[in-house]
$ cat entry10.csv   # CSV, C-alpha atoms and all ligand atoms
chain,number,residue,atom,x,y,z
A,1,MET,CA,147.6,133.6,97.3
A,2,GLN,CA,145.4,132.5,100.1
A,3,ILE,CA,142.7,135.0,98.9
A,4,GLN,CA,143.1,133.9,95.3
A,5,ASN,CA,142.6,130.3,96.4
A,6,ARG,CA,139.5,131.2,98.2
A,7,ARG,CA,138.1,133.1,95.3
A,8,ASP,CA,138.8,130.2,93.0
A,9,PHE,CA,137.2,127.8,95.4
A,10,GLY,CA,134.2,130.1,95.6
A,11,LYS,CA,133.9,130.2,91.8
A,12,GLN,CA,134.1,126.5,91.7
A,13,LEU,CA,131.4,126.1,94.2
A,14,LEU,CA,129.2,128.4,92.4
A,15,GLY,CA,129.9,126.5,89.2
A,16,THR,CA,129.0,123.2,90.8
A,17,ALA,CA,125.8,124.6,92.2
A,18,LEU,CA,124.9,126.0,88.8
A,19,ASN,CA,125.7,122.7,87.1
A,20,TYR,CA,123.6,120.9,89.6
A,21,PHE,CA,120.7,123.2,89.1
A,22,LEU,CA,121.0,122.8,85.3
A,23,LEU,CA,121.1,119.0,85.5
A,24,GLU,CA,118.2,119.0,87.9
A,25,SER,CA,116.0,121.1,85.7
A,26,LEU,CA,117.0,119.1,82.6
A,27,PHE,CA,116.2,115.8,84.2
A,28,SER,CA,112.9,116.9,85.6
A,29,SER,CA,111.8,118.5,82.3
A,30,GLN,CA,109.5,116.7,79.8
A,31,ALA,CA,112.3,116.8,77.3
A,32,PHE,CA,113.8,113.7,78.8
A,33,ALA,CA,112.0,110.4,79.0
A,34,ARG,CA,111.5,109.1,82.5
A,35,PRO,CA,113.9,106.3,83.2
A,36,ILE,CA,112.1,103.0,82.4
A,37,LEU,CA,112.1,100.6,85.3
A,38,PRO,CA,112.5,97.0,84.2
A,39,ILE,CA,109.9,95.6,86.6
A,40,ALA,CA,107.3,98.1,85.7
A,41,ASN,CA,108.1,97.6,82.0
A,42,HIS,CA,107.4,93.8,82.3
A,43,TRP,CA,104.3,94.6,84.4
A,44,ALA,CA,102.8,96.9,81.8
A,45,LYS,CA,103.3,94.3,79.1
A,46,GLN,CA,101.6,91.6,81.2
A,47,LEU,CA,98.7,94.0,81.8
A,48,SER,CA,98.4,94.6,78.1
A,49,GLU,CA,98.4,90.9,77.3
A,50,ILE,CA,95.6,90.2,79.9
A,51,CYS,CA,93.5,93.0,78.5
A,52,ASN,CA,94.1,91.8,74.9
A,53,ASP,CA,93.0,88.3,76.0
A,54,LEU,CA,89.7,89.7,77.4
A,55,LYS,CA,89.1,91.9,74.3
A,56,LEU,CA,89.6,88.8,72.1
A,57,GLU,CA,87.4,86.8,74.5
A,58,LYS,CA,90.2,84.3,75.1
A,59,ILE,CA,89.5,84.7,78.9
A,60,SER,CA,86.3,85.3,80.8
A,61,PRO,CA,85.7,88.7,82.5
A,62,VAL,CA,85.9,87.0,85.9
A,63,LEU,CA,89.3,85.5,85.0
A,64,TRP,CA,90.4,88.9,83.8
A,65,GLN,CA,89.4,90.4,87.2
A,66,THR,CA,91.5,87.8,89.0
A,67,GLN,CA,94.5,88.2,86.8
A,68,VAL,CA,94.5,92.0,86.8
A,69,GLU,CA,94.1,92.2,90.6
A,70,LYS,CA,96.9,89.7,91.0
A,71,LEU,CA,99.1,91.9,88.8
A,72,PHE,CA,98.1,94.9,90.8
A,73,ASN,CA,99.3,93.1,93.9
A,74,HIS,CA,102.6,92.1,92.3
A,75,ILE,CA,104.1,95.5,91.8
A,76,ALA,CA,105.6,97.7,94.5
A,77,LEU,CA,103.4,100.8,94.9
A,78,GLU,CA,106.5,103.1,94.7
A,79,GLU,CA,107.4,101.5,91.4
A,80,LEU,CA,103.9,102.0,89.9
A,81,LEU,CA,103.7,105.6,91.1
A,82,LYS,CA,107.0,106.3,89.3
A,83,PHE,CA,105.9,104.5,86.2
A,84,ILE,CA,102.7,106.5,85.8
A,85,ASP,CA,104.4,109.7,87.1
A,86,PHE,CA,101.8,110.1,89.8
A,87,GLN,CA,103.5,113.2,91.1
A,88,THR,CA,103.0,115.1,87.9
A,89,LEU,CA,99.5,113.7,87.4
A,90,THR,CA,98.4,115.0,90.8
A,91,LYS,CA,100.2,118.3,90.7
A,92,ASN,CA,97.5,121.1,90.8
A,93,PHE,CA,94.8,118.4,90.7
A,94,ASP,CA,91.4,119.9,90.3
A,95,TYR,CA,89.3,118.4,93.1
A,96,PRO,CA,85.6,118.9,92.5
A,97,ASP,CA,83.2,119.7,95.3
A,98,LEU,CA,80.9,116.9,94.2
A,99,GLY,CA,82.2,113.6,93.1
A,100,VAL,CA,85.6,113.0,91.5
A,101,ASN,CA,87.9,114.1,88.8
A,102,THR,CA,90.0,111.9,86.5
A,103,LYS,CA,93.2,112.2,84.6
A,104,MET,CA,94.4,110.0,81.7
A,105,ILE,CA,97.7,108.2,82.2
A,106,THR,CA,100.4,107.9,79.6
A,107,PHE,CA,102.7,104.9,79.9
A,108,PRO,CA,106.3,105.5,78.9
A,109,LYS,CA,107.1,104.2,75.4
A,110,LEU,CA,108.1,100.6,75.6
A,111,ASP,CA,109.1,98.0,73.0
A,112,GLY,CA,106.3,95.4,72.8
A,113,LEU,CA,103.7,97.7,74.2
A,114,PRO,CA,101.3,99.4,71.7
A,115,GLU,CA,101.2,103.1,72.0
A,116,LYS,CA,97.4,103.0,72.1
A,117,THR,CA,96.6,100.2,74.6
A,118,VAL,CA,93.3,98.2,74.3
A,119,PHE,CA,92.5,99.4,77.9
A,120,ILE,CA,91.9,102.9,79.3
A,121,LYS,CA,94.2,103.9,82.1
A,122,LYS,CA,93.3,106.8,84.4
A,123,ILE,CA,93.6,108.0,87.9
A,124,PHE,CA,90.5,109.0,89.9
A,125,GLY,CA,91.0,111.6,92.6
A,126,MET,CA,88.7,113.2,95.2
A,127,LYS,CA,88.6,115.1,98.4
A,128,LYS,CA,87.4,113.6,101.7
A,129,ASP,CA,83.7,112.5,101.8
A,130,ARG,CA,83.4,112.7,98.0
A,131,ALA,CA,82.4,109.6,96.2
A,132,ILE,CA,82.6,107.6,93.0
A,133,ILE,CA,78.9,107.4,93.2
A,134,PRO,CA,77.1,104.0,93.2
A,135,HIS,CA,76.8,102.7,89.7
A,136,GLY,CA,76.5,99.6,87.7
A,137,HIS,CA,78.0,98.7,84.3
A,138,SER,CA,77.1,96.9,81.1
A,139,ASN,CA,79.6,95.4,78.6
A,140,MET,CA,82.6,96.6,80.5
A,141,SER,CA,85.2,95.5,83.1
A,142,SER,CA,87.4,97.6,85.2
A,143,ALA,CA,90.0,97.2,88.0
A,144,HIS,CA,91.0,99.6,90.7
A,145,LEU,CA,94.0,100.0,92.9
A,146,VAL,CA,94.1,102.5,95.8
A,147,LEU,CA,97.2,104.7,95.3
A,148,LYS,CA,96.6,107.2,98.1
A,149,GLY,CA,94.3,107.5,101.0
A,150,GLU,CA,91.5,105.3,102.1
A,151,PHE,CA,88.0,104.6,100.9
A,152,ALA,CA,84.8,103.1,102.3
A,153,LEU,CA,84.1,100.6,99.4
A,154,LYS,CA,80.9,98.7,98.7
A,155,HIS,CA,80.2,96.2,95.9
A,156,TYR,CA,77.1,94.5,94.7
A,157,ASP,CA,76.3,91.9,92.1
A,158,LYS,CA,73.9,92.9,89.3
A,159,VAL,CA,71.5,90.0,89.3
A,160,GLU,CA,68.8,91.4,87.0
A,161,GLU,CA,67.9,94.6,85.2
A,162,ASP,CA,64.8,96.2,83.9
A,163,GLU,CA,64.3,99.6,82.3
A,164,LYS,CA,64.1,101.5,85.5
A,165,ASN,CA,66.0,99.3,88.1
A,166,LEU,CA,69.0,97.2,88.8
A,167,PHE,CA,68.3,94.2,91.1
A,168,ILE,CA,71.4,93.9,93.2
A,169,LYS,CA,72.9,91.8,95.9
A,170,PRO,CA,75.6,93.0,98.4
A,171,THR,CA,79.0,91.3,98.0
A,172,ILE,CA,81.7,93.4,99.5
A,173,GLU,CA,81.9,96.1,102.2
A,174,LYS,CA,85.3,97.1,103.4
A,175,LYS,CA,87.8,99.8,104.1
A,176,ALA,CA,90.0,100.0,101.0
A,177,LYS,CA,93.5,101.2,102.0
A,178,VAL,CA,96.6,102.0,99.9
A,179,GLY,CA,97.5,98.9,97.9
A,180,SER,CA,94.0,97.4,98.1
A,181,SER,CA,92.4,96.3,94.8
A,182,SER,CA,88.9,95.7,93.5
A,183,SER,CA,87.3,95.1,90.1
A,184,ILE,CA,84.0,94.8,88.3
A,185,SER,CA,82.5,93.0,85.4
A,186,ASP,CA,79.0,92.1,84.1
A,187,ASP,CA,79.4,88.7,85.9
A,188,LYS,CA,81.0,89.7,89.3
A,189,ASN,CA,80.8,92.7,91.7
A,190,ASN,CA,79.2,94.8,88.9
A,191,ILE,CA,78.2,97.7,91.1
A,192,HIS,CA,80.7,99.8,93.1
A,193,TRP,CA,80.7,102.8,95.3
A,194,PHE,CA,83.8,104.5,96.8
A,195,ILE,CA,83.7,107.2,99.5
A,196,ALA,CA,87.0,108.9,100.4
A,197,ASN,CA,87.8,108.7,104.1
A,198,THR,CA,91.0,110.8,103.9
A,199,GLU,CA,91.8,114.4,103.0
A,200,THR,CA,92.5,113.3,99.4
A,201,ALA,CA,92.3,109.8,97.9
A,202,PHE,CA,93.3,108.3,94.6
A,203,THR,CA,92.7,105.1,92.6
A,204,PHE,CA,94.5,103.7,89.6
A,205,ASP,CA,92.0,102.4,87.1
A,206,VAL,CA,92.3,100.0,84.1
A,207,ILE,CA,89.1,100.1,82.1
A,208,MET,CA,87.8,97.9,79.3
A,209,LEU,CA,84.9,99.2,77.3
A,210,ASP,CA,82.5,97.7,74.7
A,211,LEU,CA,83.1,94.1,75.6
A,212,GLY,CA,81.5,91.3,73.5
A,213,GLY,CA,81.3,93.8,70.6
A,214,LYS,CA,78.5,95.7,72.5
A,215,GLU,CA,78.4,99.3,73.5
A,216,TYR,CA,79.2,99.8,77.2
A,217,ASP,CA,76.8,101.6,79.5
A,218,ILE,CA,76.8,103.0,83.0
A,219,HIS,CA,73.8,103.3,85.4
A,220,ASN,CA,73.9,105.4,88.5
A,221,ILE,CA,71.6,103.9,91.0
A,222,ASP,CA,69.8,105.1,94.1
A,223,ILE,CA,70.9,102.4,96.6
A,224,GLU,CA,69.5,104.2,99.6
A,225,ALA,CA,66.0,104.2,98.0
A,226,GLY,CA,66.4,100.5,97.2
A,227,GLU,CA,63.7,98.1,98.3
A,228,LYS,CA,64.1,94.5,99.3
A,229,THR,CA,62.4,92.3,96.9
A,230,GLY,CA,62.0,89.3,99.3
A,231,ASN,CA,64.5,87.0,97.5
A,232,GLY,CA,67.6,88.5,99.0
A,233,LEU,CA,67.8,91.2,96.3
A,234,ILE,CA,67.5,95.0,96.4
A,235,ARG,CA,65.6,96.8,93.7
A,236,ALA,CA,67.6,100.0,93.2
A,237,PRO,CA,66.2,102.6,90.9
A,238,LYS,CA,68.4,104.0,88.1
A,239,MET,CA,68.9,107.8,88.3
A,240,ASP,CA,70.3,110.5,86.1
A,241,VAL,CA,73.9,111.7,86.8
A,242,GLN,CA,73.0,115.2,88.1
A,243,THR,CA,70.5,113.8,90.7
A,244,ALA,CA,72.9,111.1,91.6
A,245,LEU,CA,75.8,113.5,92.1
A,246,LYS,CA,73.6,115.7,94.3
A,247,LYS,CA,72.6,112.8,96.5
A,248,TYR,CA,75.8,110.8,96.6
A,249,GLY,CA,78.7,113.1,95.3
A,250,LYS,CA,79.4,114.4,98.8
A,251,GLN,CA,78.7,112.8,102.1
A,252,HIS,CA,77.0,115.0,104.7
A,253,HIS,CA,77.7,114.2,108.3
B,301,FE,FE,82.6,102.1,87.6
$ encode --input "entry10.csv" --output "C-alpha cells"
Amino acid sequence: MQIQNRRDFGKQLLGTALNYFLLESLFSSQAFARPILPIANHWAKQLSEICNDLKLEKISPVLWQTQVEKLFNHIALEELLKFIDFQTLTKNFDYPDLGVNTKMITFPKLDGLPEKTVFIKKIFGMKKDRAIIPHGHSNMSSAHLVLKGEFALKHYDKVEEDEKNLFIKPTIEKKAKVGSSSSISDDKNNIHWFIANTETAFTFDVIMLDLGGKEYDIHNIDIEAGEKTGNGLIRAPKMDVQTALKKYGKQHH
C-alpha cells in the first residue's frame, strides 16, 4: 500500500511537471497573443494620435517632439519592453561590426489602433563603440528612447544647407542612459549621433517620414572635418554612407 501510494504520487508529480511544461510552451509560443496590458494599450493609442496629428499638420514638429518624449517618459520601461516583446526582438540579434542593425516592431492588435500605424516603429541595436553615425534629416521627425545600455549622444540644429554641406550648431551633448529620450525634426535638434558606451545598447524609435507631403532625406555628415564659419556655425560636409560608416561606424580607441 505504501509503495503503491508512492508510485501514484510519483505518477502525479510527473503528470504535473508535464502539464506545466506543456502550458509553458503553449504560452510562450506565437500561437497565443501576448497579454495586452491596459496601460501600454492606452499609451500606444495616444502615440498613434500624436503621430496622426503631425501627419495631418494639426501640430508642429516641435510640439510632436515634446509630446512624444513626454509619452516616452510616462510608461514604465518594463511595461514597454513587454509590449514590444523586446526579449523576442533581441534574441539572436545580429550585431554588425560597423554601425547598427534595426528590427521592425509589431504592436499587439488593439481596438482603436490601426494595424498599419502612420509611424514606423523599430529598435536599433549595436555593440559597444558602434554608432548611429552623425546624420541630419529632411522632411522627417523621429523620437528615441534608450531601452538598454548607455550612449554618448550629441545633437545639432540644422541652420542652413547647401548641396555639399549642412551648417550646424551644437545643442545637446550628454550621456543617454536607460529611460532617456531624445528627438529630431527639421526645426529642432535635426542632427543626431549615438555611440554605444556599453557591451550592447538599444533604442526604441518612432519615425515619421515624408512630412509636409515631401519626400524625406537623410544626410550623413563629416562632423570631425567640420569647419567653423565664424558665426557660431560648423560647416559639415555631407558624405556617402560607406565612407561615413568607415569613419564613424566604429570608435577606435
Ligand atoms: Fe536619424
$ residues_near_ligand --input "entry10.csv" --ligand "ligand FE 301 (chain B)" --cutoff "8 Å" --atoms "all atoms listed in the file" --output "PyMOL selection string"
chain A and resi 132+135-137+142+184+191-193+218
$ residues_around --input "entry10.csv" --residues "region 56-64 of chain A" --least-positions-apart "4" --cutoff "10 Å" --atoms "all atoms listed in the file" --output "list in words"
Leu47, Ile50, Cys51, Asn52, Val68, Glu69, Lys70, Asn139, Met140, Ser141, Ser142, Ala143, Ser183, Ile184, Ser185, Asp186, Asp187, Lys188, Asn189, Met208, Leu211, Gly212 and Gly213 of chain A
$ atom_distance --input "entry10.csv" --atom1 "CA of Thr203 (chain A)" --atom2 "CA of His144 (chain A)"
6.1 Å
$ residues_around --input "entry10.csv" --residues "Glu199 (chain A)" --least-positions-apart "2" --cutoff "8 Å" --atoms "only C-alpha atoms" --output "VMD selection string"
chain A and resid 127 to 128 149 196 to 197 201
$ closest_residue --input "entry10.csv" --among "A:Ser181, A:Thr243, A:Asn231, A:Thr66" --to "Leu153 (chain A)" --atoms "only C-alpha atoms"
A:Ser181
$ atom_distance --input "entry10.csv" --atom1 "CA of Lys121 (chain A)" --atom2 "CA of Pro108 (chain A)"
12.6 Å
$ residues_around --input "entry10.csv" --residues "Pro170 (chain A)" --least-positions-apart "6" --cutoff "12 Å" --atoms "all atoms listed in the file" --output "count of residues only"
21
$ atom_distance --input "entry10.csv" --atom1 "CA of Phe83 (chain A)" --atom2 "CA of Trp43 (chain A)"
10.2 Å
$ closest_residue --input "entry10.csv" --among "A:Lys103, A:Lys148, A:Lys175, A:His74" --to "Thr88 (chain A)" --atoms "only C-alpha atoms"
A:Lys103
$ closest_residue --input "entry10.csv" --among "A:Gln46, A:Asn220, A:Thr229, A:Thr200" --to "Arg130 (chain A)" --atoms "all atoms listed in the file"
A:Thr200
$ closest_residue --input "entry10.csv" --among "A:Asp240, A:Asp85, A:Asp210, A:Glu115" --to "Lys55 (chain A)" --atoms "all atoms listed in the file"
A:Asp210
$ closest_residue --input "entry10.csv" --among "A:Pro96, A:Ser182, A:Phe167, A:Glu227" --to "Gln67 (chain A)" --atoms "only C-alpha atoms"
A:Ser182
$ closest_residue --input "entry10.csv" --among "A:Asn101, A:Ser48, A:Ser138, A:Thr171" --to "Leu209 (chain A)" --atoms "only C-alpha atoms"
A:Ser138
$ residues_around --input "entry10.csv" --residues "His42 (chain A)" --least-positions-apart "2" --cutoff "12 Å" --atoms "all atoms listed in the file" --output "VMD selection string"
chain A and resid 36 to 40 44 to 49 71 74 to 75 79 to 80 83 110 to 113
$ build_atoms --input "entry10.csv" --residues "region 242-253 of chain A" --atoms "all heavy atoms" --output "PDB file, in the frame of the given file"
ATOM      1  N   GLN A 242      73.032 113.936  87.300  1.00  0.00           N
ATOM      2  CA  GLN A 242      73.000 115.200  88.100  1.00  0.00           C
ATOM      3  C   GLN A 242      72.308 114.905  89.470  1.00  0.00           C
ATOM      4  O   GLN A 242      72.807 115.333  90.506  1.00  0.00           O
ATOM      5  CB  GLN A 242      72.245 116.286  87.352  1.00  0.00           C
ATOM      6  CG  GLN A 242      73.085 116.918  86.241  1.00  0.00           C
ATOM      7  CD  GLN A 242      74.540 117.194  86.627  1.00  0.00           C
ATOM      8  OE1 GLN A 242      74.831 117.642  87.746  1.00  0.00           O
ATOM      9  NE2 GLN A 242      75.475 116.899  85.733  1.00  0.00           N
ATOM     10  N   THR A 243      71.179 114.185  89.429  1.00  0.00           N
ATOM     11  CA  THR A 243      70.500 113.800  90.700  1.00  0.00           C
ATOM     12  C   THR A 243      71.364 112.950  91.526  1.00  0.00           C
ATOM     13  O   THR A 243      71.444 113.115  92.751  1.00  0.00           O
ATOM     14  CB  THR A 243      69.155 113.110  90.344  1.00  0.00           C
ATOM     15  OG1 THR A 243      68.514 113.787  89.272  1.00  0.00           O
ATOM     16  CG2 THR A 243      68.238 113.055  91.535  1.00  0.00           C
ATOM     17  N   ALA A 244      72.046 112.016  90.867  1.00  0.00           N
ATOM     18  CA  ALA A 244      72.900 111.100  91.600  1.00  0.00           C
ATOM     19  C   ALA A 244      74.062 111.807  92.267  1.00  0.00           C
ATOM     20  O   ALA A 244      74.387 111.542  93.423  1.00  0.00           O
ATOM     21  CB  ALA A 244      73.432 110.019  90.628  1.00  0.00           C
ATOM     22  N   LEU A 245      74.666 112.760  91.548  1.00  0.00           N
ATOM     23  CA  LEU A 245      75.800 113.500  92.100  1.00  0.00           C
ATOM     24  C   LEU A 245      75.330 114.348  93.317  1.00  0.00           C
ATOM     25  O   LEU A 245      76.031 114.455  94.320  1.00  0.00           O
ATOM     26  CB  LEU A 245      76.398 114.436  91.062  1.00  0.00           C
ATOM     27  CG  LEU A 245      77.586 113.878  90.291  1.00  0.00           C
ATOM     28  CD1 LEU A 245      78.019 114.850  89.209  1.00  0.00           C
ATOM     29  CD2 LEU A 245      78.767 113.543  91.206  1.00  0.00           C
ATOM     30  N   LYS A 246      74.137 114.920  93.181  1.00  0.00           N
ATOM     31  CA  LYS A 246      73.600 115.700  94.300  1.00  0.00           C
ATOM     32  C   LYS A 246      73.404 114.890  95.527  1.00  0.00           C
ATOM     33  O   LYS A 246      73.691 115.309  96.633  1.00  0.00           O
ATOM     34  CB  LYS A 246      72.274 116.361  93.841  1.00  0.00           C
ATOM     35  CG  LYS A 246      72.297 117.878  93.920  1.00  0.00           C
ATOM     36  CD  LYS A 246      70.984 118.472  93.471  1.00  0.00           C
ATOM     37  CE  LYS A 246      71.167 119.355  92.237  1.00  0.00           C
ATOM     38  NZ  LYS A 246      69.887 119.752  91.645  1.00  0.00           N
ATOM     39  N   LYS A 247      72.914 113.672  95.317  1.00  0.00           N
ATOM     40  CA  LYS A 247      72.600 112.800  96.500  1.00  0.00           C
ATOM     41  C   LYS A 247      73.845 112.095  97.007  1.00  0.00           C
ATOM     42  O   LYS A 247      74.003 111.949  98.217  1.00  0.00           O
ATOM     43  CB  LYS A 247      71.525 111.818  96.091  1.00  0.00           C
ATOM     44  CG  LYS A 247      71.095 110.930  97.252  1.00  0.00           C
ATOM     45  CD  LYS A 247      69.743 110.293  97.055  1.00  0.00           C
ATOM     46  CE  LYS A 247      69.362 109.458  98.284  1.00  0.00           C
ATOM     47  NZ  LYS A 247      68.069 108.802  98.125  1.00  0.00           N
ATOM     48  N   TYR A 248      74.732 111.657  96.122  1.00  0.00           N
ATOM     49  CA  TYR A 248      75.800 110.800  96.600  1.00  0.00           C
ATOM     50  C   TYR A 248      77.243 111.368  96.368  1.00  0.00           C
ATOM     51  O   TYR A 248      78.213 110.784  96.824  1.00  0.00           O
ATOM     52  CB  TYR A 248      75.763 109.450  95.806  1.00  0.00           C
ATOM     53  CG  TYR A 248      74.560 108.618  96.190  1.00  0.00           C
ATOM     54  CD1 TYR A 248      73.413 108.593  95.396  1.00  0.00           C
ATOM     55  CD2 TYR A 248      74.570 107.867  97.358  1.00  0.00           C
ATOM     56  CE1 TYR A 248      72.311 107.828  95.747  1.00  0.00           C
ATOM     57  CE2 TYR A 248      73.479 107.102  97.725  1.00  0.00           C
ATOM     58  CZ  TYR A 248      72.346 107.087  96.918  1.00  0.00           C
ATOM     59  OH  TYR A 248      71.272 106.334  97.277  1.00  0.00           O
ATOM     60  N   GLY A 249      77.343 112.526  95.660  1.00  0.00           N
ATOM     61  CA  GLY A 249      78.700 113.100  95.300  1.00  0.00           C
ATOM     62  C   GLY A 249      79.452 113.544  96.534  1.00  0.00           C
ATOM     63  O   GLY A 249      80.678 113.572  96.510  1.00  0.00           O
ATOM     64  N   LYS A 250      78.721 113.932  97.576  1.00  0.00           N
ATOM     65  CA  LYS A 250      79.400 114.400  98.800  1.00  0.00           C
ATOM     66  C   LYS A 250      78.620 113.948 100.002  1.00  0.00           C
ATOM     67  O   LYS A 250      77.402 114.114 100.063  1.00  0.00           O
ATOM     68  CB  LYS A 250      79.382 115.973  98.732  1.00  0.00           C
ATOM     69  CG  LYS A 250      80.098 116.667  99.864  1.00  0.00           C
ATOM     70  CD  LYS A 250      80.067 118.169  99.560  1.00  0.00           C
ATOM     71  CE  LYS A 250      80.636 119.018 100.648  1.00  0.00           C
ATOM     72  NZ  LYS A 250      80.582 120.449 100.259  1.00  0.00           N
ATOM     73  N   GLN A 251      79.346 113.370 100.922  1.00  0.00           N
ATOM     74  CA  GLN A 251      78.700 112.800 102.100  1.00  0.00           C
ATOM     75  C   GLN A 251      78.472 113.929 103.137  1.00  0.00           C
ATOM     76  O   GLN A 251      79.347 114.747 103.396  1.00  0.00           O
ATOM     77  CB  GLN A 251      79.714 111.800 102.738  1.00  0.00           C
ATOM     78  CG  GLN A 251      79.070 110.719 103.533  1.00  0.00           C
ATOM     79  CD  GLN A 251      78.345 109.721 102.628  1.00  0.00           C
ATOM     80  OE1 GLN A 251      78.426 109.792 101.414  1.00  0.00           O
ATOM     81  NE2 GLN A 251      77.625 108.801 103.233  1.00  0.00           N
ATOM     82  N   HIS A 252      77.266 113.994 103.656  1.00  0.00           N
ATOM     83  CA  HIS A 252      77.000 115.000 104.700  1.00  0.00           C
ATOM     84  C   HIS A 252      76.882 114.324 106.032  1.00  0.00           C
ATOM     85  O   HIS A 252      76.163 113.349 106.179  1.00  0.00           O
ATOM     86  CB  HIS A 252      75.686 115.740 104.342  1.00  0.00           C
ATOM     87  CG  HIS A 252      75.744 116.427 103.024  1.00  0.00           C
ATOM     88  ND1 HIS A 252      76.345 117.649 102.843  1.00  0.00           N
ATOM     89  CD2 HIS A 252      75.340 116.040 101.797  1.00  0.00           C
ATOM     90  CE1 HIS A 252      76.283 117.991 101.569  1.00  0.00           C
ATOM     91  NE2 HIS A 252      75.680 117.030 100.909  1.00  0.00           N
ATOM     92  N   HIS A 253      77.667 114.842 106.970  1.00  0.00           N
ATOM     93  CA  HIS A 253      77.700 114.200 108.300  1.00  0.00           C
ATOM     94  C   HIS A 253      76.691 114.833 109.238  1.00  0.00           C
ATOM     95  O   HIS A 253      76.401 115.998 109.134  1.00  0.00           O
ATOM     96  CB  HIS A 253      79.096 114.262 108.894  1.00  0.00           C
ATOM     97  CG  HIS A 253      80.080 113.472 108.093  1.00  0.00           C
ATOM     98  ND1 HIS A 253      80.114 112.098 108.069  1.00  0.00           N
ATOM     99  CD2 HIS A 253      81.053 113.876 107.236  1.00  0.00           C
ATOM    100  CE1 HIS A 253      81.074 111.706 107.266  1.00  0.00           C
ATOM    101  NE2 HIS A 253      81.650 112.755 106.739  1.00  0.00           N
TER     102      HIS A 253
END
